[in-house]
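Visitor: Just so it is clear, I am handing over input03.cif, which has mmCIF, C-alpha atoms and all ligand atoms.
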data_structure
#
loop_
_atom_site.label_atom_id
_atom_site.label_comp_id
_atom_site.auth_asym_id
_atom_site.auth_seq_id
_atom_site.Cartn_x
_atom_site.Cartn_y
_atom_site.Cartn_z
CA MET U 401 20.19 -3.89 11.98
CA SER U 402 19.81 -0.27 13.09
CA VAL U 403 19.22 0.58 16.73
CA ARG U 404 15.72 1.87 15.99
CA ARG U 405 14.98 -1.26 14.03
CA ALA U 406 16.21 -3.49 16.83
CA ALA U 407 14.22 -1.53 19.41
CA ALA U 408 11.09 -1.76 17.26
CA LYS U 409 11.52 -5.49 16.92
CA ALA U 410 12.06 -5.96 20.64
CA THR U 411 9.00 -3.95 21.71
CA GLY U 412 6.76 -4.85 18.77
CA THR U 413 6.12 -1.15 18.09
CA LYS U 414 6.94 0.53 14.79
CA PRO U 415 8.93 3.75 14.65
CA LYS U 416 7.10 6.70 13.08
CA GLY U 417 8.43 9.45 10.84
CA LYS U 418 9.85 12.32 12.84
CA ASP U 419 6.83 14.62 12.56
CA GLY U 420 4.36 11.75 12.47
CA SER U 421 3.22 12.82 9.00
CA GLY U 422 4.91 10.14 6.91
CA PRO U 423 2.95 7.73 4.72
CA ARG U 424 1.84 4.67 6.61
CA HIS U 425 1.25 2.67 3.43
CA VAL U 426 3.32 3.12 0.27
CA ALA U 427 2.35 1.27 -2.92
CA ILE U 428 4.81 0.97 -5.80
CA ILE U 429 4.29 0.32 -9.50
CA MET U 430 7.72 -1.10 -10.29
CA ASP U 431 8.05 -0.16 -13.95
CA GLY U 432 10.90 0.12 -16.44
CA ASN U 433 12.71 -3.22 -16.11
CA GLY U 434 12.42 -3.92 -19.84
CA ARG U 435 13.77 -0.52 -20.93
CA TRP U 436 16.60 -0.79 -18.40
CA ALA U 437 17.66 -4.10 -19.99
CA GLN U 438 17.20 -2.80 -23.56
CA MET U 439 19.51 0.13 -22.80
CA ARG U 440 22.15 -2.46 -21.93
CA LYS U 441 21.36 -4.60 -24.97
CA ARG U 442 20.29 -7.44 -22.72
CA PRO U 443 17.08 -9.51 -22.75
CA ARG U 444 14.07 -8.12 -20.82
CA LEU U 445 14.41 -10.86 -18.22
CA PHE U 446 17.80 -9.46 -17.24
CA GLY U 447 15.94 -6.27 -16.29
CA HIS U 448 13.37 -8.20 -14.27
CA GLN U 449 16.17 -9.93 -12.34
CA ALA U 450 17.81 -6.60 -11.59
CA GLY U 451 14.41 -5.19 -10.57
CA ALA U 452 13.74 -8.05 -8.16
CA ARG U 453 17.00 -7.28 -6.38
CA ARG U 454 15.79 -3.72 -5.59
CA VAL U 455 12.88 -4.91 -3.49
CA ARG U 456 14.88 -5.90 -0.43
CA GLU U 457 16.45 -2.45 -0.09
CA VAL U 458 13.04 -0.79 -0.16
CA VAL U 459 11.57 -3.19 2.38
CA GLU U 460 14.55 -2.78 4.68
CA ALA U 461 14.23 1.01 4.60
CA CYS U 462 10.60 0.98 5.74
CA PRO U 463 11.02 0.84 9.56
CA GLU U 464 13.39 3.78 9.60
CA LEU U 465 11.11 5.81 7.34
CA GLY U 466 8.06 5.01 9.44
CA VAL U 467 6.39 3.07 6.59
CA GLU U 468 4.37 0.19 8.03
CA TYR U 469 2.93 -1.21 4.80
CA VAL U 470 4.56 -1.51 1.41
CA THR U 471 2.72 -2.99 -1.55
CA ILE U 472 4.51 -3.77 -4.79
CA PHE U 473 3.03 -4.44 -8.23
CA ALA U 474 4.90 -7.44 -9.63
CA PHE U 475 2.59 -8.80 -12.34
CA SER U 476 -0.71 -7.46 -13.64
CA THR U 477 -3.73 -9.31 -15.03
CA GLU U 478 -2.76 -7.68 -18.36
CA ASN U 479 0.88 -8.84 -18.30
CA TRP U 480 -0.16 -12.26 -19.71
CA LYS U 481 -0.22 -10.46 -23.09
CA ARG U 482 3.59 -10.53 -23.16
CA THR U 483 5.54 -13.22 -25.01
CA GLN U 484 5.42 -16.71 -23.63
CA THR U 485 9.18 -16.48 -22.99
CA GLU U 486 8.83 -13.35 -20.85
CA VAL U 487 5.81 -14.65 -18.92
CA ALA U 488 7.49 -18.01 -18.21
CA GLY U 489 10.69 -16.22 -17.21
CA LEU U 490 8.78 -13.98 -14.80
CA MET U 491 6.91 -16.91 -13.24
CA SER U 492 10.15 -18.77 -12.71
CA LEU U 493 11.71 -15.60 -11.24
CA PHE U 494 8.80 -15.28 -8.78
CA ARG U 495 9.27 -18.88 -7.66
CA ARG U 496 12.99 -18.44 -7.17
CA TYR U 497 12.47 -15.11 -5.45
CA ILE U 498 10.05 -16.52 -2.88
CA ARG U 499 12.29 -19.53 -2.20
CA ARG U 500 15.36 -17.35 -1.80
CA GLU U 501 13.98 -14.43 0.19
CA MET U 502 11.52 -15.86 2.68
CA GLU U 503 14.04 -16.82 5.36
CA ALA U 504 15.47 -13.31 5.25
CA PHE U 505 12.08 -11.64 5.41
CA ARG U 506 11.13 -13.69 8.42
CA ALA U 507 14.47 -12.94 10.08
CA GLU U 508 13.72 -9.25 9.55
CA ASN U 509 10.21 -9.58 11.01
CA VAL U 510 8.54 -8.83 7.64
CA GLN U 511 5.02 -10.19 7.16
CA VAL U 512 4.49 -11.21 3.54
CA ARG U 513 1.11 -11.32 1.79
CA PHE U 514 -0.02 -11.71 -1.80
CA ILE U 515 -2.95 -10.08 -3.56
CA GLY U 516 -4.34 -10.91 -6.97
CA ASP U 517 -6.18 -13.76 -8.64
CA ARG U 518 -4.37 -16.95 -7.70
CA PRO U 519 -6.12 -19.73 -9.65
CA ARG U 520 -4.46 -18.68 -12.94
CA LEU U 521 -0.97 -19.09 -11.42
CA ASP U 522 0.69 -22.47 -11.56
CA LYS U 523 0.37 -24.81 -8.59
CA LYS U 524 4.06 -24.70 -7.66
CA LEU U 525 3.98 -20.91 -7.40
CA ARG U 526 0.70 -20.90 -5.48
CA ASP U 527 2.10 -23.39 -2.98
CA LEU U 528 5.17 -21.20 -2.45
CA MET U 529 2.94 -18.15 -1.93
CA ASP U 530 0.89 -20.02 0.70
CA GLU U 531 4.08 -21.22 2.34
CA ALA U 532 5.59 -17.73 2.48
CA GLU U 533 2.42 -16.29 4.01
CA ALA U 534 2.27 -18.99 6.65
CA PHE U 535 5.99 -18.78 7.33
CA THR U 536 5.85 -15.00 8.05
CA ALA U 537 2.34 -14.87 9.54
CA ASP U 538 3.55 -14.09 13.05
CA CYS U 539 5.98 -11.36 11.97
CA THR U 540 5.01 -7.99 13.42
CA GLY U 541 7.27 -5.59 11.50
CA THR U 542 6.85 -4.26 7.96
CA ASN U 543 3.88 -5.59 6.01
CA LEU U 544 5.01 -6.48 2.50
CA THR U 545 2.23 -7.17 0.02
CA ILE U 546 3.12 -8.50 -3.41
CA ALA U 547 0.53 -8.00 -6.14
CA LEU U 548 0.82 -10.99 -8.45
CA ASN U 549 -1.69 -11.52 -11.25
CA TYR U 550 -3.36 -8.47 -9.79
CA GLY U 551 -5.76 -6.09 -11.53
CA GLY U 552 -7.91 -3.51 -9.77
CA ARG U 553 -10.92 -4.19 -11.97
CA ASP U 554 -10.52 -7.95 -11.62
CA GLU U 555 -10.31 -7.54 -7.84
CA VAL U 556 -13.52 -5.47 -7.71
CA ALA U 557 -15.28 -7.99 -9.98
CA ARG U 558 -14.20 -10.92 -7.76
CA ALA U 559 -15.23 -8.99 -4.64
CA THR U 560 -18.63 -8.23 -6.17
CA LYS U 561 -19.12 -11.89 -6.98
CA ARG U 562 -18.51 -12.87 -3.35
CA LEU U 563 -20.72 -10.05 -2.10
CA ALA U 564 -23.54 -11.13 -4.44
CA ARG U 565 -23.15 -14.69 -3.19
CA ASP U 566 -23.56 -13.51 0.41
CA VAL U 567 -26.73 -11.64 -0.60
CA ALA U 568 -28.06 -14.76 -2.36
CA ASP U 569 -27.27 -16.85 0.72
CA GLY U 570 -29.15 -14.40 2.95
CA LYS U 571 -25.95 -13.40 4.82
CA LEU U 572 -25.98 -9.80 3.59
CA ASP U 573 -28.86 -7.35 3.33
CA PRO U 574 -28.53 -5.47 -0.01
CA ASP U 575 -29.93 -2.31 1.62
CA SER U 576 -27.00 -2.34 4.06
CA VAL U 577 -24.39 -2.15 1.27
CA ASP U 578 -22.40 1.08 1.42
CA GLU U 579 -18.82 2.12 0.72
CA GLU U 580 -17.61 0.32 3.84
CA THR U 581 -18.99 -2.98 2.56
CA LEU U 582 -17.06 -3.63 -0.66
CA PRO U 583 -13.55 -3.16 0.80
CA LYS U 584 -14.27 -6.05 3.17
CA TYR U 585 -14.46 -8.29 0.09
CA LEU U 586 -11.34 -6.95 -1.61
CA ASP U 587 -8.00 -8.83 -1.51
CA THR U 588 -6.66 -5.90 0.53
CA HIS U 589 -9.29 -6.17 3.28
CA VAL U 590 -6.66 -6.36 6.03
CA LEU U 591 -4.63 -3.41 4.71
CA PRO U 592 -5.14 0.33 5.18
CA ASP U 593 -5.55 2.35 1.95
CA PRO U 594 -2.26 3.47 0.40
CA ASP U 595 -1.24 7.02 1.32
CA LEU U 596 1.40 7.30 -1.39
CA VAL U 597 1.59 5.54 -4.76
CA ILE U 598 4.93 5.67 -6.58
CA ARG U 599 5.38 4.78 -10.25
CA THR U 600 8.83 4.58 -11.75
CA SER U 601 9.94 4.85 -15.42
CA GLY U 602 8.23 8.10 -16.40
CA GLU U 603 4.79 6.70 -17.24
CA ALA U 604 2.04 8.73 -15.58
CA ARG U 605 -0.71 6.14 -15.45
CA VAL U 606 -2.23 3.76 -12.94
CA SER U 607 -2.36 0.60 -15.12
CA ASN U 608 -5.15 -1.00 -13.08
CA PHE U 609 -3.36 -0.86 -9.69
CA LEU U 610 -5.37 -0.52 -6.45
CA LEU U 611 -8.19 1.38 -8.16
CA TRP U 612 -10.62 1.43 -5.25
CA GLN U 613 -7.99 1.81 -2.55
CA SER U 614 -6.12 4.74 -4.13
CA ALA U 615 -9.12 7.09 -4.29
CA TYR U 616 -7.29 9.65 -2.12
CA ALA U 617 -3.69 8.49 -2.44
CA GLU U 618 -0.94 10.97 -3.27
CA TYR U 619 0.96 10.07 -6.46
CA GLU U 620 4.62 10.33 -7.39
CA PHE U 621 5.56 9.62 -10.99
CA ILE U 622 9.33 9.57 -11.31
CA ASP U 623 11.62 9.01 -14.31
CA THR U 624 13.95 6.54 -12.55
CA LEU U 625 13.70 3.04 -14.03
CA TRP U 626 12.84 0.46 -11.37
CA PRO U 627 16.26 -1.34 -11.39
CA ASP U 628 17.86 2.05 -10.56
CA PHE U 629 15.51 2.76 -7.63
CA THR U 630 17.44 3.14 -4.38
CA ARG U 631 16.80 3.66 -0.71
CA ASP U 632 17.73 7.34 -1.13
CA VAL U 633 15.15 7.89 -3.88
CA PHE U 634 12.57 6.16 -1.70
CA ALA U 635 13.50 8.27 1.34
CA GLU U 636 13.20 11.45 -0.73
CA LEU U 637 9.70 10.57 -1.92
CA VAL U 638 8.61 9.68 1.60
CA LYS U 639 9.97 13.03 2.77
CA ASN U 640 8.13 14.92 -0.03
CA TYR U 641 4.91 13.32 1.11
CA GLY U 642 5.23 15.08 4.46
CA ALA U 643 4.99 18.45 2.70
CA ARG U 644 1.76 17.62 0.92
CA ASP U 645 -1.56 19.05 1.98
CA ARG U 646 -4.18 16.30 1.95
CA ARG U 647 -7.68 17.79 2.05
CA PHE U 648 -9.87 14.76 1.24
CA GLY U 649 -12.41 17.07 -0.41
CA GLY U 650 -12.55 19.46 2.56
CA VAL U 651 -11.21 22.96 3.03
CA LYS U 652 -8.22 23.74 5.19
CA ALA U 653 -9.17 25.58 8.38
C1 LIG M 701 7.79 -3.71 -14.96
O1 LIG M 701 8.74 -3.49 -15.96
C2 LIG M 701 7.72 -5.16 -14.54
C3 LIG M 701 6.50 -5.85 -15.01
C4 LIG M 701 5.48 -5.29 -15.58
C5 LIG M 701 6.46 -7.29 -14.81
P1 LIG M 701 8.35 -3.64 -17.49
O2 LIG M 701 8.60 -5.03 -17.93
O3 LIG M 701 6.96 -3.16 -17.75
O4 LIG M 701 9.42 -2.67 -18.16
P2 LIG M 701 9.16 -1.68 -19.37
O5 LIG M 701 7.99 -0.83 -19.02
O6 LIG M 701 8.89 -2.54 -20.56
O7 LIG M 701 10.42 -0.92 -19.50
C1 LIG M 702 2.29 -2.13 -14.68
O1 LIG M 702 3.31 -1.98 -15.61
C2 LIG M 702 2.31 -3.50 -14.08
C3 LIG M 702 3.44 -3.78 -13.19
C4 LIG M 702 4.35 -2.94 -12.82
C5 LIG M 702 3.50 -5.13 -12.69
P1 LIG M 702 3.10 -2.26 -17.17
O2 LIG M 702 4.38 -1.98 -17.83
O3 LIG M 702 2.49 -3.58 -17.36
O4 LIG M 702 2.00 -1.16 -17.54
P2 LIG M 702 1.67 -0.47 -18.94
O5 LIG M 702 1.50 -1.57 -19.93
O6 LIG M 702 2.83 0.39 -19.28
O7 LIG M 702 0.43 0.33 -18.70
MG MG M 703 6.22 -1.35 -18.21
#
Show the structure stored in the file as structure tokens.
Ligand code: IPE
Ligand code: IPE
Ligand code: MG

Guide:
Amino acid sequence: MSVRRAAAKATGTKPKGKDGSGPRHVAIIMDGNGRWAQMRKRPRLFGHQAGARRVREVVEACPELGVEYVTIFAFSTENWKRTQTEVAGLMSLFRRYIRREMEAFRAENVQVRFIGDRPRLDKKLRDLMDEAEAFTADCTGTNLTIALNYGGRDEVARATKRLARDVADGKLDPDSVDEETLPKYLDTHVLPDPDLVIRTSGEARVSNFLLWQSAYAEYEFIDTLWPDFTRDVFAELVKNYGARDRRFGGVKA
């Protein structure tokens, strides 16, 4: 553990980027596992396994880079369209991953959360997700959010359903609904909006990730395939972010 990391853990504070302008929340669309495996003439699952191994390095780099929240897209609501073999392989990988990594995340003070629609996931996986969240609930370091069976549109639809229920139950006045209201119903309600969204593998699209939350995020689309993503690539992107001029619709003074 680095000295800064140890100090942050001891005091409960999180180190910031040098000039204070780093992204507080980075969200990552981890894409390209399949192509990485194909290039090696291996099955797609081999790529997913290699991809899963990259996550730890990214999470471990966060304190030093001043990143407090990291959110990773692991499985979308559209990924069920893949072959049964790939979907089953991914689900089994997620179960193994949670079992294997949780001790380490807790030891590193990482608080783990999941977003996405849980009922469609199998009971064993859901139980492990609950367990991991409870097990790391008192961790005060990096906030790792794993998007599993997540879709931005599905999330907004589920949020709207709960909001409508509160209106029907007389708990919410429809005239009071504004753009601060809906985010309270989203899966991400405890998270700040992402400042930087990274997508690997050369595809320049959002694929239904954090649609509401990314309204003013900065984007980085890079050619690197996810299993080749390293701490150095991550650090470079975080550094680039510091040079960006975020205007949020305004005009610079
Ligand atoms: C991203 O890699 C991981 C998931 C979507 C689960 P892909 O599996 O989409 O890899 P490519 O895009 O086919 O190379
Ligand atoms: C987005 O990647 C979903 C995840 C990274 C989990 P996809 O590979 O599923 O997206 P498309 O199909 O290229 O848009
Ligand atoms: Mg893909």

Visitor: Box for range 632-647 of chain U - axis-aligned, 6 Å on each of the six sides, all listed atoms - centre and size in Å to one decimal, as JSON.

Guide:
{"center_x": 5.0, "center_y": 12.6, "center_z": 0.3, "size_x": 37.4, "size_y": 24.9, "size_z": 20.3}

Visitor: Taking all atoms listed in the file into account, which of U:Pro574, U:Gly551, U:Pro592, U:Gly447 comes nearest ligand MG 703 (chain M)?

Guide: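 The shortest atom-to-atom distance to ligand MG 703 (chain M) comes from U:Gly447.
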
Visitor: Could you give me, as a PyMOL selection string, the residues within 10 Å of Gln449 in chain U, counting only C-alpha atoms and dropping anything in the same chain fewer than 2 positions from it?

Guide: chain U and resi 433+437+444-447+451-454+489-490+493-494+497+627

Visitor: Mind running chain U against ligand MG 703 (chain M) at 9 Å and telling me each contacting residue's nearest atom pair with the distance in Å (one decimal), counting all atoms listed in the file, chain and number ascending, as CSV?

Guide:
residue,atom,partner,partner_atom,distance
U:Met430,CA,M:MG703,MG,8.1
U:Asp431,CA,M:MG703,MG,4.8
U:Gly432,CA,M:MG703,MG,5.2
U:Asn433,CA,M:MG703,MG,7.1
U:Gly434,CA,M:MG703,MG,6.9
U:Arg435,CA,M:MG703,MG,8.1
U:Ser601,CA,M:MG703,MG,7.7
U:Glu603,CA,M:MG703,MG,8.2

Visitor: Could you name the residues that touch Leu591 in chain U at 10 Å or less, counting all atoms listed in the file, but leaving out those on the same chain fewer than 6 positions away, as a ChimeraX atom specification?

Guide: /U:425,469-471,543,545,583,613

Visitor: How many Å lie between CA of His448 in chain U and atom C3 of ligand LIG 701 (chain M), rounded to one decimal?

Guide: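 Straight-line distance from CA of His448 in chain U to atom C3 of ligand LIG 701 (chain M) works out to 7.3 Å.
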
Visitor: Counting all atoms listed in the file, name the residues that have an atom within 8 Å of an atom of ligand LIG 702 (chain M); the answer should be given as an NGL selection string.

Guide: :U and (429-432 or 473-476 or 478-479 or 547-548 or 603 or 605-609)

Visitor: Go through U:Arg496, U:Arg646, U:Lys561, U:Arg599 one by one, measure the shortest atom-to-atom distance of each to Leu625 in chain U using all atoms listed in the file, and give the residue with the smallest value.

Guide: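 The answer is U:Arg599, which sits nearest to Leu625 in chain U.
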
Visitor: Counting all atoms listed in the file, figure out which residue out of U:Asp623, U:Asp527, U:Asp578, U:Asp632 gets nearest to ligand LIG 701 (chain M).

Guide: U:Asp623

Visitor: Name the closest residue to Asp595 in chain U among the candidates U:Asn549, U:Thr581, U:Ser614, U:Asn640; distances are taken between atoms, counting only C-alpha atoms.

Guide: U:Ser614

Visitor: Just checking: using all atoms listed in the file, which residue out of U:Ala643, U:Met439, U:Val459, U:Leu544 ends up closest to Thr588 in chain U?

Guide: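 Checking each of U:Ala643, U:Met439, U:Val459, U:Leu544 against Thr588 in chain U, counting all atoms listed in the file, the winner is U:Leu544.
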
Visitor: Hey, which of U:Asp628, U:Asp566, U:Asp645, U:Asp517 ends up closest to ligand LIG 701 (chain M)? Count all atoms listed in the file.

Guide: U:Asp628
